[in-house]
file model34.csv (CSV, N, CA and C atoms and all ligand atoms)
chain,number,residue,atom,x,y,z
A,1,MET,N,-13.7,-36.7,-24.2
A,1,MET,CA,-13.1,-35.6,-25.0
A,1,MET,C,-14.2,-34.5,-25.1
A,2,LYS,N,-15.4,-34.9,-25.4
A,2,LYS,CA,-16.5,-34.0,-25.6
A,2,LYS,C,-16.7,-33.1,-24.3
A,3,LYS,N,-16.6,-33.9,-23.1
A,3,LYS,CA,-16.8,-33.2,-21.9
A,3,LYS,C,-15.7,-32.2,-21.6
A,4,LEU,N,-14.5,-32.6,-22.0
A,4,LEU,CA,-13.4,-31.7,-21.8
A,4,LEU,C,-13.5,-30.4,-22.7
A,5,GLN,N,-14.1,-30.7,-23.9
A,5,GLN,CA,-14.3,-29.6,-24.8
A,5,GLN,C,-15.3,-28.6,-24.3
A,6,SER,N,-16.4,-29.1,-23.7
A,6,SER,CA,-17.4,-28.2,-23.3
A,6,SER,C,-16.9,-27.5,-22.0
A,7,GLN,N,-16.0,-28.1,-21.2
A,7,GLN,CA,-15.5,-27.4,-20.1
A,7,GLN,C,-14.6,-26.3,-20.6
A,8,PHE,N,-13.8,-26.6,-21.6
A,8,PHE,CA,-12.9,-25.6,-22.2
A,8,PHE,C,-13.7,-24.4,-22.7
A,9,VAL,N,-14.8,-24.7,-23.3
A,9,VAL,CA,-15.7,-23.6,-23.8
A,9,VAL,C,-16.2,-22.7,-22.7
A,10,LYS,N,-16.6,-23.4,-21.6
A,10,LYS,CA,-17.1,-22.7,-20.4
A,10,LYS,C,-16.0,-21.7,-19.8
A,11,ILE,N,-14.8,-22.3,-19.7
A,11,ILE,CA,-13.7,-21.5,-19.2
A,11,ILE,C,-13.4,-20.3,-20.1
A,12,LEU,N,-13.4,-20.6,-21.4
A,12,LEU,CA,-13.1,-19.6,-22.4
A,12,LEU,C,-14.2,-18.5,-22.3
A,13,ALA,N,-15.4,-18.9,-22.2
A,13,ALA,CA,-16.5,-18.0,-22.1
A,13,ALA,C,-16.4,-17.1,-20.9
A,14,ALA,N,-16.0,-17.7,-19.8
A,14,ALA,CA,-15.8,-17.0,-18.5
A,14,ALA,C,-14.7,-16.0,-18.6
A,15,THR,N,-13.6,-16.4,-19.2
A,15,THR,CA,-12.5,-15.5,-19.2
A,15,THR,C,-12.6,-14.4,-20.3
A,16,VAL,N,-13.3,-14.7,-21.4
A,16,VAL,CA,-13.4,-13.7,-22.5
A,16,VAL,C,-14.6,-12.8,-22.2
A,17,LEU,N,-15.7,-13.4,-21.7
A,17,LEU,CA,-16.9,-12.5,-21.5
A,17,LEU,C,-16.9,-11.7,-20.3
A,18,THR,N,-16.2,-12.1,-19.2
A,18,THR,CA,-16.2,-11.3,-18.0
A,18,THR,C,-15.6,-10.0,-18.2
A,19,PRO,N,-14.4,-9.9,-18.8
A,19,PRO,CA,-13.9,-8.5,-19.0
A,19,PRO,C,-14.8,-7.7,-19.9
A,20,LEU,N,-15.4,-8.3,-20.8
A,20,LEU,CA,-16.4,-7.6,-21.7
A,20,LEU,C,-17.5,-7.0,-20.9
A,21,ALA,N,-18.0,-7.8,-20.0
A,21,ALA,CA,-19.1,-7.3,-19.2
A,21,ALA,C,-18.6,-6.1,-18.4
A,22,PHE,N,-17.4,-6.2,-17.9
A,22,PHE,CA,-16.8,-5.0,-17.1
A,22,PHE,C,-16.7,-3.8,-18.0
A,23,SER,N,-16.2,-4.0,-19.2
A,23,SER,CA,-16.0,-2.8,-20.0
A,23,SER,C,-17.3,-2.2,-20.4
A,24,VAL,N,-18.4,-2.9,-20.5
A,24,VAL,CA,-19.7,-2.4,-20.8
A,24,VAL,C,-20.2,-1.5,-19.6
A,25,SER,N,-20.1,-2.0,-18.4
A,25,SER,CA,-20.6,-1.2,-17.3
A,25,SER,C,-19.7,0.0,-17.0
A,26,ALA,N,-18.4,-0.2,-17.3
A,26,ALA,CA,-17.4,1.0,-17.1
A,26,ALA,C,-17.8,2.1,-18.1
A,27,SER,N,-18.3,1.8,-19.3
A,27,SER,CA,-18.5,2.8,-20.2
A,27,SER,C,-19.8,3.6,-19.9
A,28,GLU,N,-20.6,3.0,-19.0
A,28,GLU,CA,-21.8,3.7,-18.5
A,28,GLU,C,-21.4,4.8,-17.5
A,29,ILE,N,-20.2,4.7,-16.9
A,29,ILE,CA,-19.8,5.7,-16.0
A,29,ILE,C,-19.1,6.8,-16.8
A,30,SER,N,-19.4,8.0,-16.7
A,30,SER,CA,-18.8,9.1,-17.5
A,30,SER,C,-17.3,9.3,-17.1
A,31,ASN,N,-16.6,9.8,-18.0
A,31,ASN,CA,-15.2,10.1,-17.7
A,31,ASN,C,-15.0,11.1,-16.5
A,32,ALA,N,-16.0,12.0,-16.5
A,32,ALA,CA,-15.9,13.0,-15.4
A,32,ALA,C,-16.1,12.4,-14.1
A,33,GLU,N,-17.1,11.4,-14.0
A,33,GLU,CA,-17.3,10.7,-12.8
A,33,GLU,C,-16.1,9.9,-12.3
A,34,LEU,N,-15.5,9.3,-13.3
A,34,LEU,CA,-14.3,8.5,-13.0
A,34,LEU,C,-13.2,9.4,-12.5
A,35,SER,N,-13.0,10.5,-13.2
A,35,SER,CA,-11.9,11.4,-12.8
A,35,SER,C,-12.2,12.0,-11.4
A,36,ALA,N,-13.4,12.2,-11.1
A,36,ALA,CA,-13.8,12.8,-9.8
A,36,ALA,C,-13.4,11.8,-8.6
A,37,THR,N,-13.3,10.5,-8.9
A,37,THR,CA,-13.0,9.6,-7.8
A,37,THR,C,-11.6,9.9,-7.3
A,38,THR,N,-10.7,10.5,-8.2
A,38,THR,CA,-9.4,10.8,-7.7
A,38,THR,C,-9.4,12.0,-6.7
A,39,CYS,N,-10.4,12.9,-6.9
A,39,CYS,CA,-10.5,14.0,-6.0
A,39,CYS,C,-10.9,13.6,-4.6
A,40,PHE,N,-11.8,12.5,-4.6
A,40,PHE,CA,-12.3,12.1,-3.3
A,40,PHE,C,-11.3,11.6,-2.4
A,41,GLN,N,-10.1,11.2,-2.9
A,41,GLN,CA,-9.1,10.6,-2.0
A,41,GLN,C,-8.7,11.7,-1.0
A,42,CYS,N,-8.7,12.9,-1.4
A,42,CYS,CA,-8.3,14.0,-0.5
A,42,CYS,C,-9.5,14.8,0.0
A,43,HIS,N,-10.5,15.0,-0.9
A,43,HIS,CA,-11.6,15.9,-0.6
A,43,HIS,C,-12.7,15.2,0.1
A,44,GLY,N,-12.5,13.9,0.4
A,44,GLY,CA,-13.6,13.1,1.1
A,44,GLY,C,-14.4,12.3,0.2
A,45,ALA,N,-14.9,11.2,0.6
A,45,ALA,CA,-15.7,10.3,-0.2
A,45,ALA,C,-17.0,11.1,-0.8
A,46,GLU,N,-17.2,10.9,-2.1
A,46,GLU,CA,-18.3,11.6,-2.7
A,46,GLU,C,-18.3,13.1,-2.6
A,47,GLY,N,-17.1,13.6,-2.3
A,47,GLY,CA,-16.9,15.1,-2.2
A,47,GLY,C,-17.5,15.7,-0.9
A,48,GLN,N,-17.8,14.8,0.1
A,48,GLN,CA,-18.2,15.3,1.4
A,48,GLN,C,-16.9,15.5,2.2
A,49,SER,N,-16.7,16.7,2.7
A,49,SER,CA,-15.4,17.0,3.3
A,49,SER,C,-15.0,16.0,4.4
A,50,ALA,N,-13.7,15.7,4.4
A,50,ALA,CA,-13.1,14.9,5.4
A,50,ALA,C,-12.8,15.8,6.6
A,51,GLY,N,-13.0,17.1,6.4
A,51,GLY,CA,-12.7,18.0,7.5
A,51,GLY,C,-11.4,18.7,7.3
A,52,GLY,N,-11.0,19.6,8.1
A,52,GLY,CA,-9.7,20.3,8.0
A,52,GLY,C,-9.7,21.3,6.9
A,53,ALA,N,-8.5,21.4,6.3
A,53,ALA,CA,-8.2,22.5,5.4
A,53,ALA,C,-8.8,22.2,4.0
A,54,ILE,N,-9.1,20.9,3.7
A,54,ILE,CA,-9.5,20.6,2.4
A,54,ILE,C,-11.0,20.7,2.2
A,55,PRO,N,-11.5,21.6,1.4
A,55,PRO,CA,-12.9,21.9,1.3
A,55,PRO,C,-13.7,20.7,0.6
A,56,PRO,N,-15.0,20.6,0.9
A,56,PRO,CA,-15.9,19.6,0.3
A,56,PRO,C,-16.1,20.1,-1.2
A,57,LEU,N,-16.3,19.1,-2.1
A,57,LEU,CA,-16.5,19.4,-3.5
A,57,LEU,C,-18.0,19.2,-3.9
A,58,ALA,N,-18.7,18.4,-3.2
A,58,ALA,CA,-20.1,18.1,-3.6
A,58,ALA,C,-20.9,19.4,-3.6
A,59,GLY,N,-21.6,19.7,-4.7
A,59,GLY,CA,-22.5,20.8,-4.8
A,59,GLY,C,-21.7,22.1,-4.9
A,60,TYR,N,-20.4,22.1,-5.1
A,60,TYR,CA,-19.6,23.3,-5.3
A,60,TYR,C,-20.0,24.0,-6.6
A,61,PRO,N,-20.3,25.3,-6.6
A,61,PRO,CA,-20.7,26.0,-7.8
A,61,PRO,C,-19.8,25.7,-9.0
A,62,GLU,N,-20.4,25.2,-10.1
A,62,GLU,CA,-19.6,24.8,-11.2
A,62,GLU,C,-18.6,25.9,-11.7
A,63,LYS,N,-19.1,27.1,-12.0
A,63,LYS,CA,-18.3,28.1,-12.6
A,63,LYS,C,-17.1,28.5,-11.6
A,64,VAL,N,-17.4,28.6,-10.3
A,64,VAL,CA,-16.4,28.9,-9.4
A,64,VAL,C,-15.3,27.9,-9.4
A,65,MET,N,-15.7,26.6,-9.4
A,65,MET,CA,-14.7,25.5,-9.4
A,65,MET,C,-13.9,25.5,-10.6
A,66,VAL,N,-14.5,25.8,-11.8
A,66,VAL,CA,-13.7,25.8,-13.0
A,66,VAL,C,-12.6,26.9,-12.9
A,67,GLN,N,-13.0,28.1,-12.4
A,67,GLN,CA,-12.1,29.2,-12.3
A,67,GLN,C,-11.0,28.9,-11.3
A,68,GLN,N,-11.3,28.3,-10.1
A,68,GLN,CA,-10.3,27.9,-9.1
A,68,GLN,C,-9.3,27.0,-9.7
A,69,LEU,N,-9.8,25.9,-10.4
A,69,LEU,CA,-8.9,24.9,-10.9
A,69,LEU,C,-8.0,25.5,-12.0
A,70,LEU,N,-8.6,26.3,-12.9
A,70,LEU,CA,-7.8,26.9,-14.0
A,70,LEU,C,-6.7,27.8,-13.4
A,71,ASP,N,-7.1,28.6,-12.3
A,71,ASP,CA,-6.1,29.5,-11.7
A,71,ASP,C,-5.0,28.7,-11.0
A,72,MET,N,-5.4,27.6,-10.4
A,72,MET,CA,-4.4,26.8,-9.7
A,72,MET,C,-3.5,26.1,-10.7
A,73,LYS,N,-4.1,25.7,-11.8
A,73,LYS,CA,-3.3,25.0,-12.9
A,73,LYS,C,-2.3,26.0,-13.5
A,74,SER,N,-2.7,27.2,-13.7
A,74,SER,CA,-1.8,28.2,-14.3
A,74,SER,C,-0.8,28.8,-13.3
A,75,GLY,N,-1.1,28.6,-12.0
A,75,GLY,CA,-0.2,29.2,-11.0
A,75,GLY,C,-0.7,30.5,-10.5
A,76,LYS,N,-1.8,31.1,-11.1
A,76,LYS,CA,-2.3,32.4,-10.8
A,76,LYS,C,-2.8,32.3,-9.3
A,77,ARG,N,-3.3,31.2,-8.9
A,77,ARG,CA,-3.7,31.0,-7.5
A,77,ARG,C,-2.7,30.0,-6.9
A,78,ALA,N,-2.1,30.5,-5.8
A,78,ALA,CA,-1.1,29.6,-5.1
A,78,ALA,C,-1.7,28.4,-4.5
A,79,SER,N,-1.1,27.2,-4.6
A,79,SER,CA,-1.6,26.0,-4.0
A,79,SER,C,-0.5,25.1,-3.7
A,80,THR,N,-0.7,24.1,-2.8
A,80,THR,CA,0.3,23.2,-2.5
A,80,THR,C,0.3,22.0,-3.4
A,81,VAL,N,-0.9,21.3,-3.5
A,81,VAL,CA,-1.0,20.2,-4.4
A,81,VAL,C,-1.9,20.3,-5.6
A,82,MET,N,-2.9,21.2,-5.4
A,82,MET,CA,-4.0,21.3,-6.4
A,82,MET,C,-3.5,21.7,-7.8
A,83,GLY,N,-2.5,22.6,-7.8
A,83,GLY,CA,-2.0,23.1,-9.1
A,83,GLY,C,-1.4,21.9,-9.9
A,84,ARG,N,-0.6,21.1,-9.2
A,84,ARG,CA,0.0,19.9,-9.8
A,84,ARG,C,-1.1,18.9,-10.3
A,85,HIS,N,-2.1,18.8,-9.4
A,85,HIS,CA,-3.1,17.8,-9.8
A,85,HIS,C,-3.9,18.3,-11.0
A,86,ALA,N,-4.2,19.6,-11.0
A,86,ALA,CA,-5.0,20.2,-12.1
A,86,ALA,C,-4.3,20.2,-13.4
A,87,LYS,N,-3.0,20.2,-13.4
A,87,LYS,CA,-2.2,20.1,-14.6
A,87,LYS,C,-2.4,18.8,-15.3
A,88,GLY,N,-2.9,17.8,-14.6
A,88,GLY,CA,-3.1,16.5,-15.2
A,88,GLY,C,-4.3,16.5,-16.1
A,89,TYR,N,-5.1,17.5,-16.1
A,89,TYR,CA,-6.4,17.5,-16.8
A,89,TYR,C,-6.4,18.6,-17.9
A,90,THR,N,-7.0,18.4,-19.0
A,90,THR,CA,-7.2,19.4,-20.0
A,90,THR,C,-8.3,20.4,-19.4
A,91,ASP,N,-8.4,21.6,-20.0
A,91,ASP,CA,-9.4,22.5,-19.6
A,91,ASP,C,-10.8,22.0,-19.7
A,92,ASP,N,-11.0,21.2,-20.8
A,92,ASP,CA,-12.3,20.6,-21.0
A,92,ASP,C,-12.6,19.6,-20.0
A,93,GLU,N,-11.6,18.8,-19.6
A,93,GLU,CA,-11.8,17.8,-18.5
A,93,GLU,C,-12.2,18.5,-17.2
A,94,ILE,N,-11.5,19.6,-16.9
A,94,ILE,CA,-11.8,20.3,-15.7
A,94,ILE,C,-13.2,20.8,-15.7
A,95,ARG,N,-13.7,21.3,-16.9
A,95,ARG,CA,-15.1,21.8,-16.9
A,95,ARG,C,-16.0,20.6,-16.7
A,96,ALA,N,-15.7,19.5,-17.3
A,96,ALA,CA,-16.6,18.3,-17.1
A,96,ALA,C,-16.6,17.8,-15.7
A,97,ILE,N,-15.5,17.8,-15.0
A,97,ILE,CA,-15.4,17.3,-13.6
A,97,ILE,C,-16.2,18.3,-12.7
A,98,ALA,N,-16.0,19.6,-13.0
A,98,ALA,CA,-16.7,20.6,-12.2
A,98,ALA,C,-18.2,20.5,-12.3
A,99,LYS,N,-18.6,20.2,-13.6
A,99,LYS,CA,-20.0,20.1,-13.8
A,99,LYS,C,-20.6,18.9,-13.1
A,100,TYR,N,-19.9,17.8,-13.1
A,100,TYR,CA,-20.3,16.6,-12.4
A,100,TYR,C,-20.4,16.8,-10.9
A,101,LEU,N,-19.3,17.4,-10.3
A,101,LEU,CA,-19.3,17.6,-8.9
A,101,LEU,C,-20.4,18.5,-8.4
A,102,SER,N,-20.7,19.5,-9.2
A,102,SER,CA,-21.7,20.5,-8.8
A,102,SER,C,-23.1,19.8,-8.7
A,103,THR,N,-23.3,18.7,-9.3
A,103,THR,CA,-24.6,18.0,-9.2
A,103,THR,C,-24.7,17.1,-8.0
A,104,LEU,N,-23.6,16.8,-7.3
A,104,LEU,CA,-23.6,16.0,-6.1
A,104,LEU,C,-24.3,16.7,-4.9
A,105,LYS,N,-25.0,16.0,-4.1
A,105,LYS,CA,-25.6,16.7,-2.9
A,105,LYS,C,-24.6,16.9,-1.9
A,106,PRO,N,-24.5,18.2,-1.4
A,106,PRO,CA,-23.5,18.5,-0.4
A,106,PRO,C,-23.8,17.8,1.0
B,201,LIG,C1,-3.6,15.1,-3.1
B,201,LIG,C2,-4.8,15.6,-2.5
B,201,LIG,C3,-5.8,16.3,-3.4
B,201,LIG,C4,-6.4,15.8,-4.5
B,201,LIG,C5,-6.2,14.4,-5.2
B,201,LIG,C6,-7.4,16.8,-5.0
B,201,LIG,N1,-7.3,17.9,-4.2
B,201,LIG,FE1,-8.3,19.6,-4.5
B,201,LIG,N2,-7.3,20.5,-2.9
B,201,LIG,C7,-6.4,19.8,-2.1
B,201,LIG,C8,-5.8,20.8,-1.2
B,201,LIG,C9,-4.7,20.5,-0.2
B,201,LIG,C10,-6.4,22.0,-1.5
B,201,LIG,C11,-6.1,23.4,-0.9
B,201,LIG,C12,-5.2,24.2,-1.9
B,201,LIG,C13,-3.8,23.6,-2.0
B,201,LIG,O1,-3.1,23.9,-1.1
B,201,LIG,O2,-3.5,23.0,-3.0
B,201,LIG,C14,-7.4,21.8,-2.5
B,201,LIG,C15,-8.2,22.8,-3.1
B,201,LIG,C16,-9.2,22.6,-4.1
B,201,LIG,C17,-10.1,23.5,-4.6
B,201,LIG,C18,-10.2,25.0,-4.1
B,201,LIG,C19,-11.4,25.0,-3.1
B,201,LIG,C20,-11.6,26.4,-2.5
B,201,LIG,O3,-12.7,26.6,-2.1
B,201,LIG,O4,-10.6,27.1,-2.3
B,201,LIG,C21,-10.9,22.9,-5.5
B,201,LIG,C22,-12.0,23.6,-6.3
B,201,LIG,C23,-10.4,21.6,-5.6
B,201,LIG,N3,-9.4,21.4,-4.7
B,201,LIG,C24,-10.9,20.6,-6.5
B,201,LIG,C25,-10.4,19.4,-6.7
B,201,LIG,C26,-10.8,18.5,-7.8
B,201,LIG,C27,-11.9,18.8,-8.8
B,201,LIG,C28,-10.0,17.4,-7.7
B,201,LIG,C29,-10.0,16.2,-8.6
B,201,LIG,C30,-9.9,16.4,-10.0
B,201,LIG,C31,-9.1,17.6,-6.6
B,201,LIG,N4,-9.4,18.8,-6.0
B,201,LIG,C32,-8.2,16.6,-6.1
B,201,LIG,C33,-6.1,18.5,-2.2
B,201,LIG,C34,-6.4,17.6,-3.2
call {"tool": "encode", "arguments": {"input": "model34.csv", "output": "structure tokens", "more": "lines below"}}
Ligand code: HEC
result
Amino acid sequence: MKKLQSQFVKILAATVLTPLAFSVSASEISNAELSATTCFQCHGAEGQSAGGAIPPLAGYPEKVMVQQLLDMKSGKRASTVMGRHAKGYTDDEIRAIAKYLSTLKP
């Protein structure tokens, strides 16, 4: 019985503590960094261009990117998908994402 109990404690520890460990490391990644991973699906891994019509984002000047994204969000600048994507973020989130992407090496 004692052996069973200690095994139960081990399993409990593994199932309860593992997600905890994950949430700790996840909080070390900034929200902007996390959001930027969605950009990389189209703009290339780590913002290095995948080529073609979609521009690279790594090292993109922060202020220009904020303006581009806000303009596409409002519809002032025509876009195919970016306007819809940008609408998913608040203006503050857009500023944070642009700031993060501008720090990546092109
Ligand atoms: C579904 C694919 C897709 C995703 C996801 C995506 N983009 Fe784009 N992005 C595009 C395309 C395509 C364009 C060209 C404009 C258009 O037609 O929408 C573009 C254009 C841009 C431009 C304008 C660049 C220039 O020099 O004209 C910026 C800035 C940009 N994206 C930033 C982002 C950021 C930041 C994210 C993540 C928050 C993101 N994109 C996510 C496809 C995507």
call {"tool": "closest_atom_pairs", "arguments": {"input": "model34.csv", "of": "chain A", "to": "ligand LIG 201 (chain B)", "cutoff": "6 Å", "atoms": "all atoms listed in the file", "output": "Markdown table"}}
result
| residue | atom | partner | partner_atom | distance |
| --- | --- | --- | --- | --- |
| A:Ser35 | C | B:LIG201 | C30 | 5.2 |
| A:Ala36 | CA | B:LIG201 | C29 | 5.2 |
| A:Thr38 | C | B:LIG201 | C5 | 4.3 |
| A:Cys39 | CA | B:LIG201 | C29 | 3.4 |
| A:Phe40 | N | B:LIG201 | C32 | 5.7 |
| A:Gln41 | N | B:LIG201 | C5 | 5.5 |
| A:Cys42 | CA | B:LIG201 | C2 | 4.3 |
| A:His43 | N | B:LIG201 | C34 | 5.4 |
| A:Ala53 | C | B:LIG201 | C11 | 5.7 |
| A:Ile54 | CA | B:LIG201 | C8 | 5.2 |
| A:Pro55 | CA | B:LIG201 | C19 | 5.6 |
| A:Met65 | CA | B:LIG201 | C22 | 4.5 |
| A:Gln68 | CA | B:LIG201 | C22 | 5.4 |
| A:Leu69 | N | B:LIG201 | C22 | 5.2 |
| A:Ala78 | C | B:LIG201 | C13 | 5.8 |
| A:Ser79 | CA | B:LIG201 | O2 | 3.7 |
| A:Thr80 | N | B:LIG201 | O1 | 2.9 |
| A:Val81 | N | B:LIG201 | O2 | 3.1 |
| A:Met82 | N | B:LIG201 | O2 | 3.1 |
| A:Gly83 | N | B:LIG201 | O2 | 4.9 |
| A:Ile97 | C | B:LIG201 | C27 | 5.8 |
| A:Ala98 | N | B:LIG201 | C27 | 5.9 |
call {"tool": "write_last_selection", "arguments": {"input": "model34.csv", "atoms": "N, CA and C atoms", "output": "PDB file, in the frame of the given file"}}
result
ATOM      1  N   SER A  35     -13.000  10.500 -13.200  1.00  0.00           N
ATOM      2  CA  SER A  35     -11.900  11.400 -12.800  1.00  0.00           C
ATOM      3  C   SER A  35     -12.200  12.000 -11.400  1.00  0.00           C
ATOM      4  N   ALA A  36     -13.400  12.200 -11.100  1.00  0.00           N
ATOM      5  CA  ALA A  36     -13.800  12.800  -9.800  1.00  0.00           C
ATOM      6  C   ALA A  36     -13.400  11.800  -8.600  1.00  0.00           C
ATOM      7  N   THR A  38     -10.700  10.500  -8.200  1.00  0.00           N
ATOM      8  CA  THR A  38      -9.400  10.800  -7.700  1.00  0.00           C
ATOM      9  C   THR A  38      -9.400  12.000  -6.700  1.00  0.00           C
ATOM     10  N   CYS A  39     -10.400  12.900  -6.900  1.00  0.00           N
ATOM     11  CA  CYS A  39     -10.500  14.000  -6.000  1.00  0.00           C
ATOM     12  C   CYS A  39     -10.900  13.600  -4.600  1.00  0.00           C
ATOM     13  N   PHE A  40     -11.800  12.500  -4.600  1.00  0.00           N
ATOM     14  CA  PHE A  40     -12.300  12.100  -3.300  1.00  0.00           C
ATOM     15  C   PHE A  40     -11.300  11.600  -2.400  1.00  0.00           C
ATOM     16  N   GLN A  41     -10.100  11.200  -2.900  1.00  0.00           N
ATOM     17  CA  GLN A  41      -9.100  10.600  -2.000  1.00  0.00           C
ATOM     18  C   GLN A  41      -8.700  11.700  -1.000  1.00  0.00           C
ATOM     19  N   CYS A  42      -8.700  12.900  -1.400  1.00  0.00           N
ATOM     20  CA  CYS A  42      -8.300  14.000  -0.500  1.00  0.00           C
ATOM     21  C   CYS A  42      -9.500  14.800   0.000  1.00  0.00           C
ATOM     22  N   HIS A  43     -10.500  15.000  -0.900  1.00  0.00           N
ATOM     23  CA  HIS A  43     -11.600  15.900  -0.600  1.00  0.00           C
ATOM     24  C   HIS A  43     -12.700  15.200   0.100  1.00  0.00           C
ATOM     25  N   ALA A  53      -8.500  21.400   6.300  1.00  0.00           N
ATOM     26  CA  ALA A  53      -8.200  22.500   5.400  1.00  0.00           C
ATOM     27  C   ALA A  53      -8.800  22.200   4.000  1.00  0.00           C
ATOM     28  N   ILE A  54      -9.100  20.900   3.700  1.00  0.00           N
ATOM     29  CA  ILE A  54      -9.500  20.600   2.400  1.00  0.00           C
ATOM     30  C   ILE A  54     -11.000  20.700   2.200  1.00  0.00           C
ATOM     31  N   PRO A  55     -11.500  21.600   1.400  1.00  0.00           N
ATOM     32  CA  PRO A  55     -12.900  21.900   1.300  1.00  0.00           C
ATOM     33  C   PRO A  55     -13.700  20.700   0.600  1.00  0.00           C
ATOM     34  N   MET A  65     -15.700  26.600  -9.400  1.00  0.00           N
ATOM     35  CA  MET A  65     -14.700  25.500  -9.400  1.00  0.00           C
ATOM     36  C   MET A  65     -13.900  25.500 -10.600  1.00  0.00           C
ATOM     37  N   GLN A  68     -11.300  28.300 -10.100  1.00  0.00           N
ATOM     38  CA  GLN A  68     -10.300  27.900  -9.100  1.00  0.00           C
ATOM     39  C   GLN A  68      -9.300  27.000  -9.700  1.00  0.00           C
ATOM     40  N   LEU A  69      -9.800  25.900 -10.400  1.00  0.00           N
ATOM     41  CA  LEU A  69      -8.900  24.900 -10.900  1.00  0.00           C
ATOM     42  C   LEU A  69      -8.000  25.500 -12.000  1.00  0.00           C
ATOM     43  N   ALA A  78      -2.100  30.500  -5.800  1.00  0.00           N
ATOM     44  CA  ALA A  78      -1.100  29.600  -5.100  1.00  0.00           C
ATOM     45  C   ALA A  78      -1.700  28.400  -4.500  1.00  0.00           C
ATOM     46  N   SER A  79      -1.100  27.200  -4.600  1.00  0.00           N
ATOM     47  CA  SER A  79      -1.600  26.000  -4.000  1.00  0.00           C
ATOM     48  C   SER A  79      -0.500  25.100  -3.700  1.00  0.00           C
ATOM     49  N   THR A  80      -0.700  24.100  -2.800  1.00  0.00           N
ATOM     50  CA  THR A  80       0.300  23.200  -2.500  1.00  0.00           C
ATOM     51  C   THR A  80       0.300  22.000  -3.400  1.00  0.00           C
ATOM     52  N   VAL A  81      -0.900  21.300  -3.500  1.00  0.00           N
ATOM     53  CA  VAL A  81      -1.000  20.200  -4.400  1.00  0.00           C
ATOM     54  C   VAL A  81      -1.900  20.300  -5.600  1.00  0.00           C
ATOM     55  N   MET A  82      -2.900  21.200  -5.400  1.00  0.00           N
ATOM     56  CA  MET A  82      -4.000  21.300  -6.400  1.00  0.00           C
ATOM     57  C   MET A  82      -3.500  21.700  -7.800  1.00  0.00           C
ATOM     58  N   GLY A  83      -2.500  22.600  -7.800  1.00  0.00           N
ATOM     59  CA  GLY A  83      -2.000  23.100  -9.100  1.00  0.00           C
ATOM     60  C   GLY A  83      -1.400  21.900  -9.900  1.00  0.00           C
ATOM     61  N   ILE A  97     -15.500  17.800 -15.000  1.00  0.00           N
ATOM     62  CA  ILE A  97     -15.400  17.300 -13.600  1.00  0.00           C
ATOM     63  C   ILE A  97     -16.200  18.300 -12.700  1.00  0.00           C
ATOM     64  N   ALA A  98     -16.000  19.600 -13.000  1.00  0.00           N
ATOM     65  CA  ALA A  98     -16.700  20.600 -12.200  1.00  0.00           C
ATOM     66  C   ALA A  98     -18.200  20.500 -12.300  1.00  0.00           C
TER      67      ALA A  98
END
call {"tool": "atom_distance", "arguments": {"input": "model34.csv", "atom1": "atom CA of Glu46 of chain A", "atom2": "atom CA of Lys73 of chain A"}}
result
22.6 Å
call {"tool": "closest_residue", "arguments": {"input": "model34.csv", "among": "A:Ser74, A:Pro106, A:Tyr89, A:Leu101", "to": "Thr37 of chain A", "atoms": "only C-alpha atoms"}}
result
A:Leu101
call {"tool": "closest_residue", "arguments": {"input": "model34.csv", "among": "A:Lys99, A:Lys63, A:Arg77, A:His85", "to": "Asn31 of chain A", "atoms": "only C-alpha atoms"}}
result
A:Lys99
call {"tool": "atom_distance", "arguments": {"input": "model34.csv", "atom1": "atom CA of Ala96 of chain A", "atom2": "atom CA of Gly51 of chain A"}}
result
24.9 Å
call {"tool": "atom_distance", "arguments": {"input": "model34.csv", "atom1": "atom CA of Gly88 of chain A", "atom2": "atom CA of Lys105 of chain A"}}
result
25.6 Å
call {"tool": "closest_residue", "arguments": {"input": "model34.csv", "among": "A:Lys76, A:Pro61, A:Leu70, A:Ala86", "to": "Thr103 of chain A", "atoms": "only N, CA and C atoms"}}
result
A:Pro61
